[in-house]
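Listing of final-v8.cif; format and content: mmCIF, C-alpha atoms.
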data_structure
#
loop_
_atom_site.group_PDB
_atom_site.id
_atom_site.type_symbol
_atom_site.label_atom_id
_atom_site.label_comp_id
_atom_site.auth_asym_id
_atom_site.auth_seq_id
_atom_site.Cartn_x
_atom_site.Cartn_y
_atom_site.Cartn_z
ATOM 1 C CA TRP A 956 50.824 16.003 -2.428
ATOM 2 C CA GLY A 957 54.310 14.483 -2.526
ATOM 3 C CA ASP A 958 55.818 17.730 -3.890
ATOM 4 C CA ARG A 959 55.875 16.312 -7.437
ATOM 5 C CA PHE A 960 53.554 18.927 -8.975
ATOM 6 C CA ASP A 961 52.886 22.612 -8.368
ATOM 7 C CA ILE A 962 49.225 22.372 -9.309
ATOM 8 C CA ALA A 963 46.781 19.603 -10.184
ATOM 9 C CA PHE A 964 43.929 19.720 -12.693
ATOM 10 C CA SER A 965 42.195 16.374 -12.450
ATOM 11 C CA SER A 966 38.457 16.995 -11.989
ATOM 12 C CA ILE A 967 39.091 17.849 -8.342
ATOM 13 C CA GLY A 968 35.743 19.150 -7.140
ATOM 14 C CA ILE A 969 35.678 22.137 -4.831
ATOM 15 C CA THR A 970 34.271 21.358 -1.376
ATOM 16 C CA ARG A 971 34.619 23.139 1.948
ATOM 17 C CA SER A 972 36.280 20.091 3.507
ATOM 18 C CA ARG A 973 38.936 19.985 0.768
ATOM 19 C CA MET A 974 39.541 23.715 1.221
ATOM 20 C CA LYS A 975 41.107 22.893 4.589
ATOM 21 C CA GLU A 976 44.183 21.509 2.829
ATOM 22 C CA LEU A 977 43.921 22.886 -0.698
ATOM 23 C CA TYR A 978 43.649 26.244 -2.370
ATOM 24 C CA PHE A 979 41.399 26.111 -5.408
ATOM 25 C CA THR A 980 41.602 28.119 -8.593
ATOM 26 C CA ARG A 981 38.457 29.388 -10.238
ATOM 27 C CA PRO A 982 36.534 26.388 -11.592
ATOM 28 C CA TYR A 983 37.158 25.578 -15.230
ATOM 29 C CA TYR A 984 33.960 23.622 -15.837
ATOM 30 C CA ALA A 985 30.717 22.808 -14.065
ATOM 31 C CA THR A 986 28.968 19.530 -14.555
ATOM 32 C CA PRO A 987 25.578 18.427 -13.301
ATOM 33 C CA GLU A 988 25.663 15.142 -11.436
ATOM 34 C CA SER A 989 22.603 13.032 -12.066
ATOM 35 C CA PHE A 990 21.064 9.664 -11.411
ATOM 36 C CA PHE A 991 21.136 7.219 -14.317
ATOM 37 C CA VAL A 992 18.688 4.316 -14.435
ATOM 38 C CA ARG A 993 17.736 1.618 -16.933
ATOM 39 C CA THR A 994 15.483 2.859 -19.691
ATOM 40 C CA ASP A 995 12.652 0.678 -18.322
ATOM 41 C CA SER A 996 12.988 1.929 -14.719
ATOM 42 C CA PRO A 997 9.818 3.386 -13.188
ATOM 43 C CA ALA A 998 11.861 6.192 -11.539
ATOM 44 C CA GLN A 999 10.910 9.595 -12.966
ATOM 45 C CA ALA A 1000 12.431 11.879 -10.302
ATOM 46 C CA PRO A 1001 15.242 11.560 -7.754
ATOM 47 C CA GLU A 1002 12.713 11.066 -4.938
ATOM 48 C CA ASP A 1003 11.564 7.865 -6.646
ATOM 49 C CA LEU A 1004 14.970 6.353 -5.826
ATOM 50 C CA SER A 1005 14.531 6.582 -2.050
ATOM 51 C CA GLY A 1006 15.466 3.241 -0.490
ATOM 52 C CA ALA A 1007 16.975 2.000 -3.769
ATOM 53 C CA ARG A 1008 20.397 0.453 -4.375
ATOM 54 C CA ILE A 1009 22.411 3.333 -5.807
ATOM 55 C CA GLY A 1010 25.968 3.069 -7.027
ATOM 56 C CA VAL A 1011 28.581 5.797 -6.612
ATOM 57 C CA CYS A 1012 32.288 6.314 -7.085
ATOM 58 C CA SER A 1013 33.554 5.585 -3.557
ATOM 59 C CA GLY A 1014 34.710 8.734 -1.767
ATOM 60 C CA CYS A 1015 33.518 11.001 -4.589
ATOM 61 C CA PHE A 1016 30.925 13.776 -4.584
ATOM 62 C CA ALA A 1017 28.113 11.312 -5.272
ATOM 63 C CA ASP A 1018 29.069 9.233 -2.243
ATOM 64 C CA LEU A 1019 29.059 12.340 -0.022
ATOM 65 C CA TYR A 1020 25.722 13.419 -1.485
ATOM 66 C CA LEU A 1021 23.998 10.135 -0.645
ATOM 67 C CA GLN A 1022 25.516 10.281 2.858
ATOM 68 C CA ARG A 1023 24.137 13.858 3.144
ATOM 69 C CA LYS A 1024 27.643 15.201 3.779
ATOM 70 C CA LEU A 1025 28.288 17.147 0.570
ATOM 71 C CA ASP A 1026 29.229 20.736 1.412
ATOM 72 C CA LEU A 1027 29.697 22.846 -1.698
ATOM 73 C CA PRO A 1028 30.861 26.440 -1.280
ATOM 74 C CA GLY A 1029 28.379 28.918 -2.693
ATOM 75 C CA ALA A 1030 25.647 26.330 -3.266
ATOM 76 C CA ALA A 1031 22.805 24.854 -1.273
ATOM 77 C CA VAL A 1032 22.554 21.085 -1.660
ATOM 78 C CA ASP A 1033 19.041 19.657 -1.884
ATOM 79 C CA TYR A 1034 19.033 16.070 -0.641
ATOM 80 C CA ARG A 1035 16.112 14.494 -2.472
ATOM 81 C CA VAL A 1036 16.800 10.774 -1.919
ATOM 82 C CA ARG A 1037 16.065 9.192 1.453
ATOM 83 C CA ASP A 1038 17.695 6.066 2.894
ATOM 84 C CA PRO A 1039 19.558 4.805 -0.181
ATOM 85 C CA VAL A 1040 21.570 1.603 -0.086
ATOM 86 C CA ILE A 1041 24.968 2.944 -1.200
ATOM 87 C CA VAL A 1042 27.086 0.651 -3.367
ATOM 88 C CA GLY A 1043 30.663 1.866 -3.905
ATOM 89 C CA TYR A 1044 32.677 1.452 -7.101
ATOM 90 C CA GLY A 1045 36.241 2.227 -8.054
ATOM 91 C CA VAL A 1046 35.214 3.546 -11.487
ATOM 92 C CA GLU A 1047 31.922 4.882 -12.812
ATOM 93 C CA ARG A 1048 31.855 2.613 -15.863
ATOM 94 C CA ASP A 1049 31.431 -0.546 -13.749
ATOM 95 C CA GLY A 1050 28.500 0.941 -11.850
ATOM 96 C CA LEU A 1051 26.778 2.128 -15.008
ATOM 97 C CA ASP A 1052 27.247 -1.358 -16.481
ATOM 98 C CA ASP A 1053 25.569 -2.857 -13.409
ATOM 99 C CA VAL A 1054 22.596 -0.517 -13.825
ATOM 100 C CA ALA A 1055 22.341 -1.491 -17.499
ATOM 101 C CA SER A 1056 22.369 -5.188 -16.576
ATOM 102 C CA GLY A 1057 19.735 -4.743 -13.858
ATOM 103 C CA ALA A 1058 22.087 -5.540 -10.963
ATOM 104 C CA LEU A 1059 21.734 -2.000 -9.546
ATOM 105 C CA ASP A 1060 18.775 0.406 -9.410
ATOM 106 C CA ALA A 1061 20.672 3.610 -10.273
ATOM 107 C CA PHE A 1062 24.074 5.213 -10.474
ATOM 108 C CA LEU A 1063 24.849 8.813 -9.471
ATOM 109 C CA CYS A 1064 27.647 10.427 -11.451
ATOM 110 C CA GLN A 1065 28.752 13.300 -13.654
ATOM 111 C CA ASP A 1066 26.586 13.742 -16.703
ATOM 112 C CA THR A 1067 29.690 13.308 -18.837
ATOM 113 C CA ALA A 1068 30.111 9.692 -17.684
ATOM 114 C CA GLY A 1069 26.428 8.825 -17.912
ATOM 115 C CA GLN A 1070 25.983 10.394 -21.339
ATOM 116 C CA GLN A 1071 29.064 8.534 -22.590
ATOM 117 C CA ALA A 1072 27.535 5.216 -21.471
ATOM 118 C CA ILE A 1073 24.286 6.085 -23.267
ATOM 119 C CA ALA A 1074 26.200 7.074 -26.428
ATOM 120 C CA GLU A 1075 27.933 3.685 -26.306
ATOM 121 C CA GLY A 1076 24.543 1.961 -26.439
ATOM 122 C CA ARG A 1077 23.824 1.057 -22.826
ATOM 123 C CA PRO A 1078 20.077 0.982 -22.070
ATOM 124 C CA LEU A 1079 20.215 3.917 -19.649
ATOM 125 C CA ARG A 1080 18.477 7.246 -19.205
ATOM 126 C CA GLN A 1081 19.069 10.277 -17.042
ATOM 127 C CA VAL A 1082 16.681 11.178 -14.227
ATOM 128 C CA SER A 1083 15.900 14.900 -13.987
ATOM 129 C CA PRO A 1084 16.594 17.202 -12.361
ATOM 130 C CA ALA A 1085 20.294 16.830 -11.567
ATOM 131 C CA ALA A 1086 21.123 16.159 -7.924
ATOM 132 C CA TYR A 1087 23.665 19.018 -7.810
ATOM 133 C CA VAL A 1088 26.357 20.711 -9.868
ATOM 134 C CA ALA A 1089 30.056 19.982 -9.286
ATOM 135 C CA TYR A 1090 32.681 22.675 -9.866
ATOM 136 C CA PRO A 1091 36.189 21.266 -10.423
ATOM 137 C CA GLY A 1092 39.145 23.600 -10.124
ATOM 138 C CA GLY A 1093 42.894 23.480 -10.039
ATOM 139 C CA ALA A 1094 44.238 22.531 -6.625
ATOM 140 C CA LEU A 1095 47.367 23.623 -4.746
ATOM 141 C CA ASP A 1096 48.564 22.253 -1.455
ATOM 142 C CA ARG A 1097 48.076 24.969 1.183
ATOM 143 C CA SER A 1098 51.501 24.129 2.612
ATOM 144 C CA SER A 1099 53.280 24.617 -0.748
ATOM 145 C CA GLY A 1100 53.884 28.348 -0.378
ATOM 146 C CA LEU A 1101 52.763 28.890 -3.999
ATOM 147 C CA ALA A 1102 49.161 29.736 -3.255
ATOM 148 C CA LEU A 1103 47.954 33.312 -3.256
ATOM 149 C CA GLY A 1104 51.134 34.489 -4.964
ATOM 150 C CA PRO A 1105 52.071 35.358 -8.572
ATOM 151 C CA PHE A 1106 51.899 31.735 -9.777
ATOM 152 C CA PHE A 1107 48.390 31.206 -8.432
ATOM 153 C CA GLU A 1108 47.217 34.594 -9.704
ATOM 154 C CA ARG A 1109 48.573 33.864 -13.195
ATOM 155 C CA VAL A 1110 46.824 30.483 -13.350
ATOM 156 C CA ASN A 1111 43.540 32.132 -12.367
ATOM 157 C CA ALA A 1112 44.073 34.859 -14.976
ATOM 158 C CA ILE A 1113 44.686 32.265 -17.697
ATOM 159 C CA LEU A 1114 41.515 30.390 -16.739
ATOM 160 C CA ALA A 1115 39.509 33.628 -16.819
ATOM 161 C CA GLU A 1116 40.926 34.455 -20.264
ATOM 162 C CA ARG A 1117 40.092 30.991 -21.593
ATOM 163 C CA GLN A 1118 36.545 31.261 -20.253
ATOM 164 C CA GLN A 1119 36.062 34.689 -21.841
ATOM 165 C CA ASP A 1120 37.533 33.826 -25.244
ATOM 166 C CA GLY A 1121 35.504 30.611 -25.537
ATOM 167 C CA THR A 1122 38.442 28.199 -25.442
ATOM 168 C CA LEU A 1123 37.078 26.193 -22.510
ATOM 169 C CA ALA A 1124 33.585 26.087 -24.013
ATOM 170 C CA GLY A 1125 35.063 24.908 -27.312
ATOM 171 C CA LEU A 1126 37.018 22.116 -25.653
ATOM 172 C CA SER A 1127 33.947 21.036 -23.703
ATOM 173 C CA LYS A 1128 31.842 20.884 -26.854
ATOM 174 C CA LYS A 1129 34.587 19.042 -28.721
ATOM 175 C CA TYR A 1130 35.059 16.299 -26.122
ATOM 176 C CA PHE A 1131 31.624 16.126 -24.463
ATOM 177 C CA GLY A 1132 29.249 17.551 -27.057
ATOM 178 C CA ARG A 1133 28.020 20.143 -24.520
ATOM 179 C CA ASP A 1134 29.229 23.386 -22.989
ATOM 180 C CA TYR A 1135 30.105 22.593 -19.379
ATOM 181 C CA ALA A 1136 32.405 25.634 -19.101
ATOM 182 C CA ALA A 1137 29.914 28.522 -19.259
ATOM 183 C CA ALA A 1138 28.318 27.791 -15.882
ATOM 184 C CA ALA A 1139 31.751 27.745 -14.241
ATOM 185 C CA ALA A 1140 32.231 31.383 -15.235
ATOM 186 C CA ASP A 1141 29.252 32.287 -13.008
ATOM 187 C CA PHE A 1142 30.735 30.645 -9.899
ATOM 188 C CA ASP A 1143 30.918 32.970 -6.874
ATOM 189 C CA LEU A 1144 34.690 33.301 -6.484
ATOM 190 C CA THR A 1145 34.347 35.024 -3.102
ATOM 191 C CA THR A 1146 33.486 31.618 -1.614
ATOM 192 C CA LEU A 1147 37.058 30.501 -2.398
ATOM 193 C CA ASP A 1148 38.485 33.345 -0.286
ATOM 194 C CA GLN A 1149 36.823 32.110 2.868
ATOM 195 C CA VAL A 1150 39.142 30.881 5.580
ATOM 196 C CA VAL A 1151 38.394 27.272 6.461
ATOM 197 C CA ASP A 1152 39.078 26.055 10.006
#

Show this structure as structure tokens.
Amino acid sequence: WGDRFDIAFSSIGITRSRMKELYFTRPYYATPESFFVRTDSPAQAPEDLSGARIGVCSGCFADLYLQRKLDLPGAAVDYRVRDPVIVGYGVERDGLDDVASGALDAFLCQDTAGQQAIAEGRPLRQVSPAAYVAYPGGALDRSSGLALGPFFERVNAILAERQQDGTLAGLSKKYFGRDYAAAAADFDLTTLDQVVD
């Protein structure tokens, strides 16, 4: 927030803690975040990973989830894994590689990253159900003076138009092979209007 950009779209997930410093636009996609294990892992459900060594992107949603500190507006978070040994990574790819090699029991990340690793031939599989769903949105610094004015309203209007006309769904299918945009259209936008102390 060095005053270089008016708005950022960079998979910035909406959380109540981030709402203290950021205004969020309507989310433009929604992605389940799941545990990925080796294909030969005995784990069949998230609960089976209790006490396991689980990798996460340090400081990301997955890290907060395993610490039981993830606070998503408009959603209840069901913590299904007890006492994990959290192993932090700078990038998801390295953690998924460690699961594939057997150096790690599981990795918790966006389905997009896990499915990409599987498509590239890593011996991984997804554990169902997903741990939670992340809703990224555009972010504006609350101190910028741009939020809640014409600029912010226009960005939200454009996102709504692109959800309704199928543009976002089309882009999701093109780049990820799945529609991650449709669920974002159902997000309860009133949760973004809440004042955060």

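Point (32.9, 4.9, -12.0) has the following residues at most 9 Å away: Gly1010, Val1011, Cys1012, Ser1013, Gly1043, Tyr1044, Gly1045, Val1046, Glu1047, Arg1048, Asp1049, Gly1050, Leu1051, Phe1062, Cys1064 and Ala1068 of chain A (atoms considered: all atoms listed in the file).
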
Taking all atoms listed in the file into account, which of A:Leu977, A:Ala1055, A:Val992, A:Ala1061 comes nearest Arg1077 in chain A?
-> A:Ala1055

For the structure provided, state which residues fall under the PyMOL selection byres ((chain A and resi 1035) around 12), and present them as a list in words.
->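 Checking the PyMOL selection byres ((chain A and resi 1035) around 12) against this file, the residues are Ser989, Phe990, Ala1000, Pro1001, Glu1002, Asp1003, Leu1004, Ser1005, Gly1006, Tyr1020, Leu1021, Gln1022, Arg1023, Val1032, Asp1033, Tyr1034, Val1036, Arg1037, Asp1038, Pro1039, Ser1083, Pro1084, Ala1085, Ala1086 and Tyr1087 of chain A.
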
Write out as a list of chain:residue names which residues come within 8 Å of Arg1080 in chain A when counting all atoms listed in the file, dropping same-chain ones fewer than 5 positions away.
->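 Returned residues: A:Phe991, A:Val992, A:Arg993, A:Thr994, A:Ile1073.
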
Expanded to explicit residues, what is the PyMOL selection byres ((chain A and resi 970-974) around 8) for this file, as a PyMOL selection string?
-> chain A and resi 968-969+975-979+1025-1028+1151

Could you jot down the CA of Pro987 in chain A to CA of Asp1018 in chain A separation for me, Å, one decimal place?
->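 Separating CA of Pro987 in chain A from CA of Asp1018 in chain A is a distance of 14.8 Å.
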
Mind pulling up the distance from CA of Arg1097 in chain A to CA of Ala1115 in chain A?
-> 21.7 Å

Since fewer atoms than expected are present, regenerate N, CA and C atoms for range 1056-1081 of chain A and write them as a short mmCIF file (atom, residue, chain, number, x, y, z; two decimals), keeping the file's coordinate frame.
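part.cif was written with the following content:
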data_model
loop_
_atom_site.label_atom_id
_atom_site.label_comp_id
_atom_site.auth_asym_id
_atom_site.auth_seq_id
_atom_site.Cartn_x
_atom_site.Cartn_y
_atom_site.Cartn_z
N SER A 1056 22.66 -3.75 -16.65
CA SER A 1056 22.37 -5.19 -16.58
C SER A 1056 21.23 -5.51 -15.60
N GLY A 1057 20.81 -4.52 -14.82
CA GLY A 1057 19.74 -4.74 -13.86
C GLY A 1057 20.22 -5.14 -12.48
N ALA A 1058 21.54 -5.15 -12.26
CA ALA A 1058 22.09 -5.54 -10.96
C ALA A 1058 22.04 -4.40 -9.94
N LEU A 1059 21.74 -3.19 -10.39
CA LEU A 1059 21.73 -2.00 -9.55
C LEU A 1059 20.57 -1.12 -10.00
N ASP A 1060 19.94 -0.42 -9.06
CA ASP A 1060 18.77 0.41 -9.41
C ASP A 1060 19.16 1.70 -10.12
N ALA A 1061 20.27 2.32 -9.70
CA ALA A 1061 20.67 3.61 -10.27
C ALA A 1061 22.14 3.85 -9.99
N PHE A 1062 22.70 4.79 -10.73
CA PHE A 1062 24.07 5.21 -10.47
C PHE A 1062 24.09 6.73 -10.52
N LEU A 1063 24.75 7.36 -9.55
CA LEU A 1063 24.85 8.81 -9.47
C LEU A 1063 26.25 9.22 -9.90
N CYS A 1064 26.34 10.04 -10.94
CA CYS A 1064 27.65 10.43 -11.45
C CYS A 1064 27.55 11.68 -12.31
N GLN A 1065 28.71 12.16 -12.75
CA GLN A 1065 28.75 13.30 -13.65
C GLN A 1065 28.00 12.96 -14.93
N ASP A 1066 27.30 13.95 -15.45
CA ASP A 1066 26.59 13.74 -16.70
C ASP A 1066 27.51 13.25 -17.81
N THR A 1067 28.76 13.71 -17.79
CA THR A 1067 29.69 13.31 -18.84
C THR A 1067 29.84 11.79 -18.88
N ALA A 1068 29.95 11.15 -17.73
CA ALA A 1068 30.11 9.69 -17.68
C ALA A 1068 28.83 8.98 -18.09
N GLY A 1069 27.70 9.45 -17.58
CA GLY A 1069 26.43 8.82 -17.91
C GLY A 1069 26.07 8.97 -19.38
N GLN A 1070 26.29 10.16 -19.93
CA GLN A 1070 25.98 10.39 -21.34
C GLN A 1070 26.89 9.57 -22.25
N GLN A 1071 28.14 9.38 -21.82
CA GLN A 1071 29.06 8.53 -22.59
C GLN A 1071 28.55 7.10 -22.64
N ALA A 1072 28.07 6.59 -21.51
CA ALA A 1072 27.54 5.22 -21.47
C ALA A 1072 26.32 5.08 -22.38
N ILE A 1073 25.46 6.11 -22.40
CA ILE A 1073 24.29 6.08 -23.27
C ILE A 1073 24.73 6.11 -24.73
N ALA A 1074 25.70 6.97 -25.05
CA ALA A 1074 26.20 7.07 -26.43
C ALA A 1074 26.81 5.76 -26.90
N GLU A 1075 27.34 4.98 -25.96
CA GLU A 1075 27.93 3.68 -26.31
C GLU A 1075 26.88 2.58 -26.41
N GLY A 1076 25.62 2.92 -26.22
CA GLY A 1076 24.54 1.96 -26.44
C GLY A 1076 23.98 1.28 -25.21
N ARG A 1077 24.39 1.69 -24.02
CA ARG A 1077 23.82 1.06 -22.83
C ARG A 1077 22.38 1.52 -22.65
N PRO A 1078 21.49 0.63 -22.21
CA PRO A 1078 20.08 0.98 -22.07
C PRO A 1078 19.82 1.80 -20.79
N LEU A 1079 20.31 3.04 -20.81
CA LEU A 1079 20.22 3.92 -19.65
C LEU A 1079 19.52 5.22 -20.03
N ARG A 1080 18.99 5.90 -19.03
CA ARG A 1080 18.48 7.25 -19.20
C ARG A 1080 18.77 8.05 -17.95
N GLN A 1081 18.78 9.34 -18.13
CA GLN A 1081 19.07 10.28 -17.04
C GLN A 1081 17.77 10.66 -16.35
#
